[in-house]
file start29.pdb (PDB, C-alpha atoms)
ATOM      1  CA  GLY A   1     -14.716  46.877  13.703
ATOM      2  CA  GLU A   2     -17.303  49.511  14.239
ATOM      3  CA  SER A   3     -16.543  52.566  16.281
ATOM      4  CA  VAL A   4     -17.931  56.028  16.487
ATOM      5  CA  GLY A   5     -15.882  58.808  17.940
ATOM      6  CA  LEU A   6     -15.918  62.517  18.371
ATOM      7  CA  HIS A   7     -13.263  65.040  17.535
ATOM      8  CA  LEU A   8     -13.702  67.273  20.572
ATOM      9  CA  PRO A   9     -14.767  66.250  24.052
ATOM     10  CA  THR A  10     -15.950  69.741  25.052
ATOM     11  CA  LEU A  11     -17.332  72.756  23.257
ATOM     12  CA  SER A  12     -18.151  76.171  24.702
ATOM     13  CA  VAL A  13     -20.400  78.472  22.714
ATOM     14  CA  GLN A  14     -21.806  81.909  23.328
ATOM     15  CA  GLU A  15     -25.561  82.062  23.593
ATOM     16  CA  GLY A  16     -27.025  82.954  20.231
ATOM     17  CA  ASP A  17     -24.101  81.618  18.243
ATOM     18  CA  ASN A  18     -24.222  78.494  16.138
ATOM     19  CA  SER A  19     -22.723  75.254  17.412
ATOM     20  CA  ILE A  20     -21.093  72.542  15.350
ATOM     21  CA  ILE A  21     -20.432  69.134  16.845
ATOM     22  CA  ASN A  22     -18.442  66.674  14.806
ATOM     23  CA  CYS A  23     -18.379  62.906  14.706
ATOM     24  CA  ALA A  24     -16.348  60.328  12.795
ATOM     25  CA  TYR A  25     -17.311  56.746  12.189
ATOM     26  CA  SER A  26     -15.180  53.876  11.021
ATOM     27  CA  ASN A  27     -17.576  51.339   9.575
ATOM     28  CA  SER A  28     -18.283  52.090   5.949
ATOM     29  CA  ALA A  29     -21.278  49.738   6.138
ATOM     30  CA  SER A  30     -23.040  52.092   8.528
ATOM     31  CA  ASP A  31     -26.139  53.367   6.821
ATOM     32  CA  TYR A  32     -28.102  55.102   9.524
ATOM     33  CA  PHE A  33     -26.988  57.727  12.003
ATOM     34  CA  ILE A  34     -28.639  59.386  14.954
ATOM     35  CA  TRP A  35     -27.797  62.272  17.214
ATOM     36  CA  TYR A  36     -28.828  62.098  20.836
ATOM     37  CA  LYS A  37     -28.766  64.739  23.534
ATOM     38  CA  GLN A  38     -28.162  63.753  27.129
ATOM     39  CA  GLU A  39     -28.704  66.215  29.919
ATOM     40  CA  SER A  40     -27.063  65.649  33.254
ATOM     41  CA  GLY A  41     -28.656  62.789  35.150
ATOM     42  CA  LYS A  42     -31.052  61.933  32.364
ATOM     43  CA  GLY A  43     -31.338  59.463  29.552
ATOM     44  CA  PRO A  44     -30.458  60.224  25.935
ATOM     45  CA  GLN A  45     -33.045  62.065  23.938
ATOM     46  CA  PHE A  46     -33.394  61.667  20.183
ATOM     47  CA  ILE A  47     -32.587  64.804  18.209
ATOM     48  CA  ILE A  48     -32.342  63.929  14.556
ATOM     49  CA  ASP A  49     -31.397  61.082  12.282
ATOM     50  CA  ILE A  50     -30.089  60.676   8.761
ATOM     51  CA  ARG A  51     -29.757  57.808   6.340
ATOM     52  CA  SER A  52     -26.730  57.172   4.205
ATOM     53  CA  ASN A  53     -28.561  58.053   1.004
ATOM     54  CA  MET A  54     -28.781  61.643   2.222
ATOM     55  CA  ASP A  55     -26.090  64.182   2.915
ATOM     56  CA  LYS A  56     -28.144  66.709   4.811
ATOM     57  CA  ARG A  57     -31.217  66.779   6.945
ATOM     58  CA  GLN A  58     -32.779  69.658   8.804
ATOM     59  CA  GLY A  59     -34.910  69.807  11.872
ATOM     60  CA  GLN A  60     -35.979  72.562  14.153
ATOM     61  CA  ARG A  61     -32.807  74.599  14.747
ATOM     62  CA  VAL A  62     -30.679  71.541  14.020
ATOM     63  CA  THR A  63     -29.043  70.288  10.863
ATOM     64  CA  VAL A  64     -27.132  67.069  10.384
ATOM     65  CA  LEU A  65     -24.573  66.771   7.614
ATOM     66  CA  LEU A  66     -23.197  63.458   6.437
ATOM     67  CA  ASN A  67     -20.033  63.046   4.404
ATOM     68  CA  LYS A  68     -19.688  59.396   3.514
ATOM     69  CA  THR A  69     -16.458  59.938   1.629
ATOM     70  CA  VAL A  70     -14.581  60.800   4.794
ATOM     71  CA  LYS A  71     -17.007  59.013   7.125
ATOM     72  CA  HIS A  72     -17.885  62.115   9.037
ATOM     73  CA  LEU A  73     -21.069  63.675  10.262
ATOM     74  CA  SER A  74     -21.831  66.854  12.105
ATOM     75  CA  LEU A  75     -24.624  68.356  14.092
ATOM     76  CA  GLN A  76     -25.261  72.043  13.702
ATOM     77  CA  ILE A  77     -27.362  73.880  16.243
ATOM     78  CA  ALA A  78     -28.537  77.326  15.229
ATOM     79  CA  ALA A  79     -28.871  80.147  17.733
ATOM     80  CA  THR A  80     -27.640  78.050  20.618
ATOM     81  CA  GLN A  81     -29.590  78.486  23.840
ATOM     82  CA  PRO A  82     -28.710  77.692  27.463
ATOM     83  CA  GLY A  83     -31.119  74.756  27.295
ATOM     84  CA  ASP A  84     -28.898  73.206  24.656
ATOM     85  CA  SER A  85     -26.189  72.597  27.237
ATOM     86  CA  ALA A  86     -25.782  68.833  27.367
ATOM     87  CA  VAL A  87     -23.654  65.984  26.112
ATOM     88  CA  TYR A  88     -24.292  65.144  22.498
ATOM     89  CA  PHE A  89     -23.755  61.652  21.152
ATOM     90  CA  CYS A  90     -23.693  60.439  17.624
ATOM     91  CA  ALA A  91     -24.707  56.845  17.095
ATOM     92  CA  ASP A  92     -24.685  54.616  14.085
ATOM     93  CA  ASP A  93     -26.397  51.475  13.018
ATOM     94  CA  TYR A  94     -24.257  49.282  10.852
ATOM     95  CA  SER A  95     -26.554  46.297  10.809
ATOM     96  CA  GLY A  96     -29.435  47.860   8.968
ATOM     97  CA  ALA A  97     -31.580  50.943   9.091
ATOM     98  CA  GLY A  98     -33.751  51.083  12.130
ATOM     99  CA  SER A  99     -31.858  48.509  14.093
ATOM    100  CA  TYR A 100     -31.644  48.680  17.821
ATOM    101  CA  GLN A 101     -27.983  47.876  18.132
ATOM    102  CA  LEU A 102     -26.705  51.391  18.031
ATOM    103  CA  THR A 103     -23.047  52.154  18.508
ATOM    104  CA  PHE A 104     -22.557  55.364  20.426
ATOM    105  CA  GLY A 105     -19.574  57.665  20.409
ATOM    106  CA  LYS A 106     -18.138  59.029  23.625
ATOM    107  CA  GLY A 107     -19.977  62.311  23.462
ATOM    108  CA  THR A 108     -19.221  66.012  23.231
ATOM    109  CA  LYS A 109     -20.145  68.232  26.124
ATOM    110  CA  LEU A 110     -21.680  71.473  24.931
ATOM    111  CA  SER A 111     -21.617  74.395  27.332
ATOM    112  CA  VAL A 112     -23.552  77.514  26.437
ATOM    113  CA  ILE A 113     -22.220  80.767  27.847
ATOM    114  CA  PRO A 114     -25.048  83.198  28.631
TER     115      PRO A 114
ATOM    116  CA  ASN B 115     -48.344  59.042  28.222
ATOM    117  CA  ALA B 116     -45.650  58.215  30.716
ATOM    118  CA  GLY B 117     -42.167  57.685  29.399
ATOM    119  CA  VAL B 118     -39.882  54.761  30.036
ATOM    120  CA  MET B 119     -39.777  54.205  33.777
ATOM    121  CA  GLN B 120     -36.729  52.787  35.468
ATOM    122  CA  ASN B 121     -36.166  51.932  39.087
ATOM    123  CA  PRO B 122     -34.334  52.252  41.221
ATOM    124  CA  ARG B 123     -32.680  55.425  40.022
ATOM    125  CA  HIS B 124     -29.740  54.785  42.291
ATOM    126  CA  LEU B 125     -28.585  51.493  43.725
ATOM    127  CA  VAL B 126     -25.635  50.758  45.954
ATOM    128  CA  ARG B 127     -24.397  47.227  46.375
ATOM    129  CA  ARG B 128     -21.406  45.592  47.972
ATOM    130  CA  ARG B 129     -19.224  43.240  45.995
ATOM    131  CA  GLY B 130     -20.825  39.838  45.711
ATOM    132  CA  GLN B 131     -24.389  41.041  46.124
ATOM    133  CA  GLU B 132     -27.071  40.979  43.477
ATOM    134  CA  ALA B 133     -28.490  43.955  41.637
ATOM    135  CA  ARG B 134     -31.923  44.025  40.023
ATOM    136  CA  LEU B 135     -32.875  46.863  37.749
ATOM    137  CA  ARG B 136     -36.404  47.289  36.477
ATOM    138  CA  CYS B 137     -37.786  48.907  33.374
ATOM    139  CA  SER B 138     -41.335  49.579  32.311
ATOM    140  CA  PRO B 139     -41.518  50.558  28.646
ATOM    141  CA  MET B 140     -43.654  53.317  27.299
ATOM    142  CA  LYS B 141     -47.304  52.471  26.919
ATOM    143  CA  GLY B 142     -47.852  50.617  23.696
ATOM    144  CA  HIS B 143     -44.192  49.620  23.329
ATOM    145  CA  SER B 144     -43.373  45.953  23.302
ATOM    146  CA  HIS B 145     -39.651  46.133  22.568
ATOM    147  CA  VAL B 146     -37.144  46.781  25.309
ATOM    148  CA  TYR B 147     -33.415  47.388  25.099
ATOM    149  CA  TRP B 148     -30.793  47.666  27.804
ATOM    150  CA  TYR B 149     -27.674  49.777  27.408
ATOM    151  CA  ARG B 150     -24.808  50.399  29.795
ATOM    152  CA  GLN B 151     -22.920  53.642  30.148
ATOM    153  CA  LEU B 152     -19.612  53.857  31.935
ATOM    154  CA  PRO B 153     -18.523  57.271  33.249
ATOM    155  CA  GLU B 154     -17.589  59.641  30.443
ATOM    156  CA  GLU B 155     -18.381  57.010  27.839
ATOM    157  CA  GLY B 156     -21.063  56.432  25.270
ATOM    158  CA  LEU B 157     -23.799  53.892  25.718
ATOM    159  CA  LYS B 158     -23.128  50.289  24.816
ATOM    160  CA  PHE B 159     -25.819  47.874  23.748
ATOM    161  CA  MET B 160     -26.438  44.924  26.019
ATOM    162  CA  VAL B 161     -29.668  43.137  25.171
ATOM    163  CA  TYR B 162     -32.898  43.400  23.205
ATOM    164  CA  LEU B 163     -36.072  41.767  24.439
ATOM    165  CA  GLN B 164     -39.663  41.389  23.494
ATOM    166  CA  LYS B 165     -42.306  39.966  25.756
ATOM    167  CA  GLU B 166     -41.091  36.570  26.988
ATOM    168  CA  ASN B 167     -38.316  36.499  24.383
ATOM    169  CA  ILE B 168     -34.689  37.486  24.274
ATOM    170  CA  ILE B 169     -34.068  38.614  20.728
ATOM    171  CA  ASP B 170     -30.422  39.567  20.927
ATOM    172  CA  GLU B 171     -28.124  39.351  23.928
ATOM    173  CA  SER B 172     -24.878  39.734  22.054
ATOM    174  CA  GLY B 173     -23.846  42.684  24.212
ATOM    175  CA  MET B 174     -24.362  40.954  27.517
ATOM    176  CA  PRO B 175     -21.383  39.691  29.495
ATOM    177  CA  LYS B 176     -21.329  35.909  29.390
ATOM    178  CA  GLU B 177     -21.525  35.488  33.114
ATOM    179  CA  ARG B 178     -23.474  37.033  35.973
ATOM    180  CA  PHE B 179     -25.780  39.105  33.770
ATOM    181  CA  SER B 180     -29.266  38.113  32.720
ATOM    182  CA  ALA B 181     -32.355  39.880  31.473
ATOM    183  CA  GLU B 182     -35.990  39.054  31.146
ATOM    184  CA  PHE B 183     -39.185  40.681  29.973
ATOM    185  CA  PRO B 184     -42.085  38.638  31.299
ATOM    186  CA  LYS B 185     -45.575  38.613  29.928
ATOM    187  CA  GLU B 186     -46.692  40.696  32.862
ATOM    188  CA  GLY B 187     -44.581  43.257  34.629
ATOM    189  CA  PRO B 188     -41.420  45.163  33.891
ATOM    190  CA  SER B 189     -38.267  44.038  32.209
ATOM    191  CA  ILE B 190     -35.549  43.144  34.681
ATOM    192  CA  LEU B 191     -31.802  43.294  34.277
ATOM    193  CA  ARG B 192     -30.161  41.127  36.892
ATOM    194  CA  ILE B 193     -26.514  41.231  37.856
ATOM    195  CA  GLN B 194     -25.310  38.535  40.185
ATOM    196  CA  GLN B 195     -22.206  38.729  42.374
ATOM    197  CA  VAL B 196     -21.525  42.316  41.416
ATOM    198  CA  VAL B 197     -17.977  43.594  41.095
ATOM    199  CA  ARG B 198     -16.700  47.154  41.104
ATOM    200  CA  GLY B 199     -16.443  47.136  37.339
ATOM    201  CA  ASP B 200     -20.219  46.789  37.138
ATOM    202  CA  SER B 201     -20.590  50.321  38.475
ATOM    203  CA  ALA B 202     -22.279  52.222  35.676
ATOM    204  CA  ALA B 203     -25.507  53.779  34.534
ATOM    205  CA  TYR B 204     -27.875  51.246  33.017
ATOM    206  CA  PHE B 205     -30.363  52.641  30.572
ATOM    207  CA  CYS B 206     -33.474  51.005  29.318
ATOM    208  CA  ALA B 207     -35.096  52.043  26.078
ATOM    209  CA  SER B 208     -38.254  50.999  24.339
ATOM    210  CA  SER B 209     -39.770  51.230  20.906
ATOM    211  CA  PRO B 210     -43.131  50.354  19.452
ATOM    212  CA  GLN B 211     -41.474  48.022  17.007
ATOM    213  CA  GLY B 212     -38.111  46.416  16.438
ATOM    214  CA  ASN B 213     -36.374  47.023  13.160
ATOM    215  CA  GLY B 214     -38.485  49.613  11.553
ATOM    216  CA  ASN B 215     -38.221  52.822   9.733
ATOM    217  CA  THR B 216     -36.557  54.583  12.527
ATOM    218  CA  GLY B 217     -33.910  53.716  15.025
ATOM    219  CA  GLU B 218     -35.393  56.122  17.482
ATOM    220  CA  LEU B 219     -35.340  54.588  20.894
ATOM    221  CA  PHE B 220     -37.056  56.190  23.854
ATOM    222  CA  PHE B 221     -34.732  56.063  26.813
ATOM    223  CA  GLY B 222     -35.489  56.072  30.494
ATOM    224  CA  GLU B 223     -33.533  58.167  32.948
ATOM    225  CA  GLY B 224     -31.307  55.285  33.906
ATOM    226  CA  SER B 225     -30.390  53.337  36.994
ATOM    227  CA  ARG B 226     -27.037  54.193  38.480
ATOM    228  CA  LEU B 227     -25.364  51.264  40.102
ATOM    229  CA  THR B 228     -22.506  51.793  42.517
ATOM    230  CA  VAL B 229     -20.603  48.784  43.753
ATOM    231  CA  LEU B 230     -18.607  49.332  46.910
TER     232      LEU B 230
END

call {"tool": "encode", "arguments": {"input": "start29.pdb", "output": "structure tokens"}}
result
Amino acid sequence: GESVGLHLPTLSVQEGDNSIINCAYSNSASDYFIWYKQESGKGPQFIIDIRSNMDKRQGQRVTVLLNKTVKHLSLQIAATQPGDSAVYFCADDYSGAGSYQLTFGKGTKLSVIP
Amino acid sequence: NAGVMQNPRHLVRRRGQEARLRCSPMKGHSHVYWYRQLPEEGLKFMVYLQKENIIDESGMPKERFSAEFPKEGPSILRIQQVVRGDSAAYFCASSPQGNGNTGELFFGEGSRLTVL
């Protein structure tokens, strides 16, 4: 069955350092992946997505890497800021790109140390 | 352009009561999705609706839960005869289209249901 999980539940990073959040998925049919950020008491906010025909995609201060061989993706945040403190979820869509039925992992809590 | 609006933000119910959660999608969005989040868990898909149509309810519990998105007014997630296990955050999301080029869903801030 499909499942998306994270290697580490918490991550503490010094302000200004780079952060790397990892995620593993189990369904090899997954072809679309999204990272969401959820601040305390708020809903998830889209960060970046990547399709399975890519292995890297960059946004503003964020980069997502996809390794289909080992079914792993990561989110890299450059120059981490206090405002980046949140829970980060990876989600996948195994039923087709752009589908609504996302499967979310449990999340990694990122804490930025000023 | 207001985001996805959910109310109430917090709802407390006793076992056996009914809970009604409302969601107004972003302006111009006609697709609504409900997700549930248990404490310290990821979100789990419940149901996908368009105006007056349930497109996919495969994530909805078979009993006590129902959802609608009428022609006029917000989408409503209804939970009858609530039990303690229903305590969770319920998130609504909307998109301008269903399956499209992006899976980006715009989420509301959630409704947190506590069942005593």

call {"tool": "interface_residues", "arguments": {"input": "start29.pdb", "of": "chain A", "to": "chain B", "cutoff": "10 Å", "atoms": "all atoms listed in the file", "output": "JSON, numbers by chain"}}
result
{"A": [4, 5, 9, 32, 33, 34, 35, 36, 38, 39, 40, 41, 42, 43, 44, 45, 46, 47, 48, 49, 50, 51, 87, 88, 89, 90, 91, 92, 93, 96, 97, 98, 99, 100, 101, 102, 103, 104, 105, 106, 107, 108, 109]}

call {"tool": "atom_distance", "arguments": {"input": "start29.pdb", "atom1": "CA of Glu171 (chain B)", "atom2": "CA of His124 (chain B)"}}
result
24.0 Å

call {"tool": "resolve_selection", "arguments": {"input": "start29.pdb", "expression": "the PyMOL selection byres ((chain B and resi 178) around 12)", "output": "ChimeraX atom specification"}}
result
/B:130-134,174-177,179-181,191-197,200

call {"tool": "residues_around", "arguments": {"input": "start29.pdb", "residues": "Ile190 (chain B)", "least_positions_apart": "6", "cutoff": "9 Å", "atoms": "only C-alpha atoms", "output": "list in words"}}
result
Arg134, Leu135, Arg136, Cys137, Ser138, Ser180, Ala181, Glu182, Phe183 and Pro184 of chain B

call {"tool": "atom_distance", "arguments": {"input": "start29.pdb", "atom1": "CA of Gly16 (chain A)", "atom2": "CA of Gly83 (chain A)"}}
result
11.6 Å

call {"tool": "atom_distance", "arguments": {"input": "start29.pdb", "atom1": "CA of Met140 (chain B)", "atom2": "CA of Arg127 (chain B)"}}
result
27.8 Å

call {"tool": "residues_near_point", "arguments": {"input": "start29.pdb", "point": "(-27.4, 61.8, 1.8)", "cutoff": "9 Å", "atoms": "only C-alpha atoms", "output": "JSON list (two decimals) with C-alpha atoms, in the coordinates of the input"}}
result
[["chain", "number", "residue", "atom", "x", "y", "z"],
["A", 50, "ILE", "CA", -30.09, 60.68, 8.76],
["A", 51, "ARG", "CA", -29.76, 57.81, 6.34],
["A", 52, "SER", "CA", -26.73, 57.17, 4.20],
["A", 53, "ASN", "CA", -28.56, 58.05, 1.00],
["A", 54, "MET", "CA", -28.78, 61.64, 2.22],
["A", 55, "ASP", "CA", -26.09, 64.18, 2.92],
["A", 56, "LYS", "CA", -28.14, 66.71, 4.81],
["A", 57, "ARG", "CA", -31.22, 66.78, 6.94],
["A", 65, "LEU", "CA", -24.57, 66.77, 7.61],
["A", 66, "LEU", "CA", -23.20, 63.46, 6.44],
["A", 67, "ASN", "CA", -20.03, 63.05, 4.40],
["A", 68, "LYS", "CA", -19.69, 59.40, 3.51]]
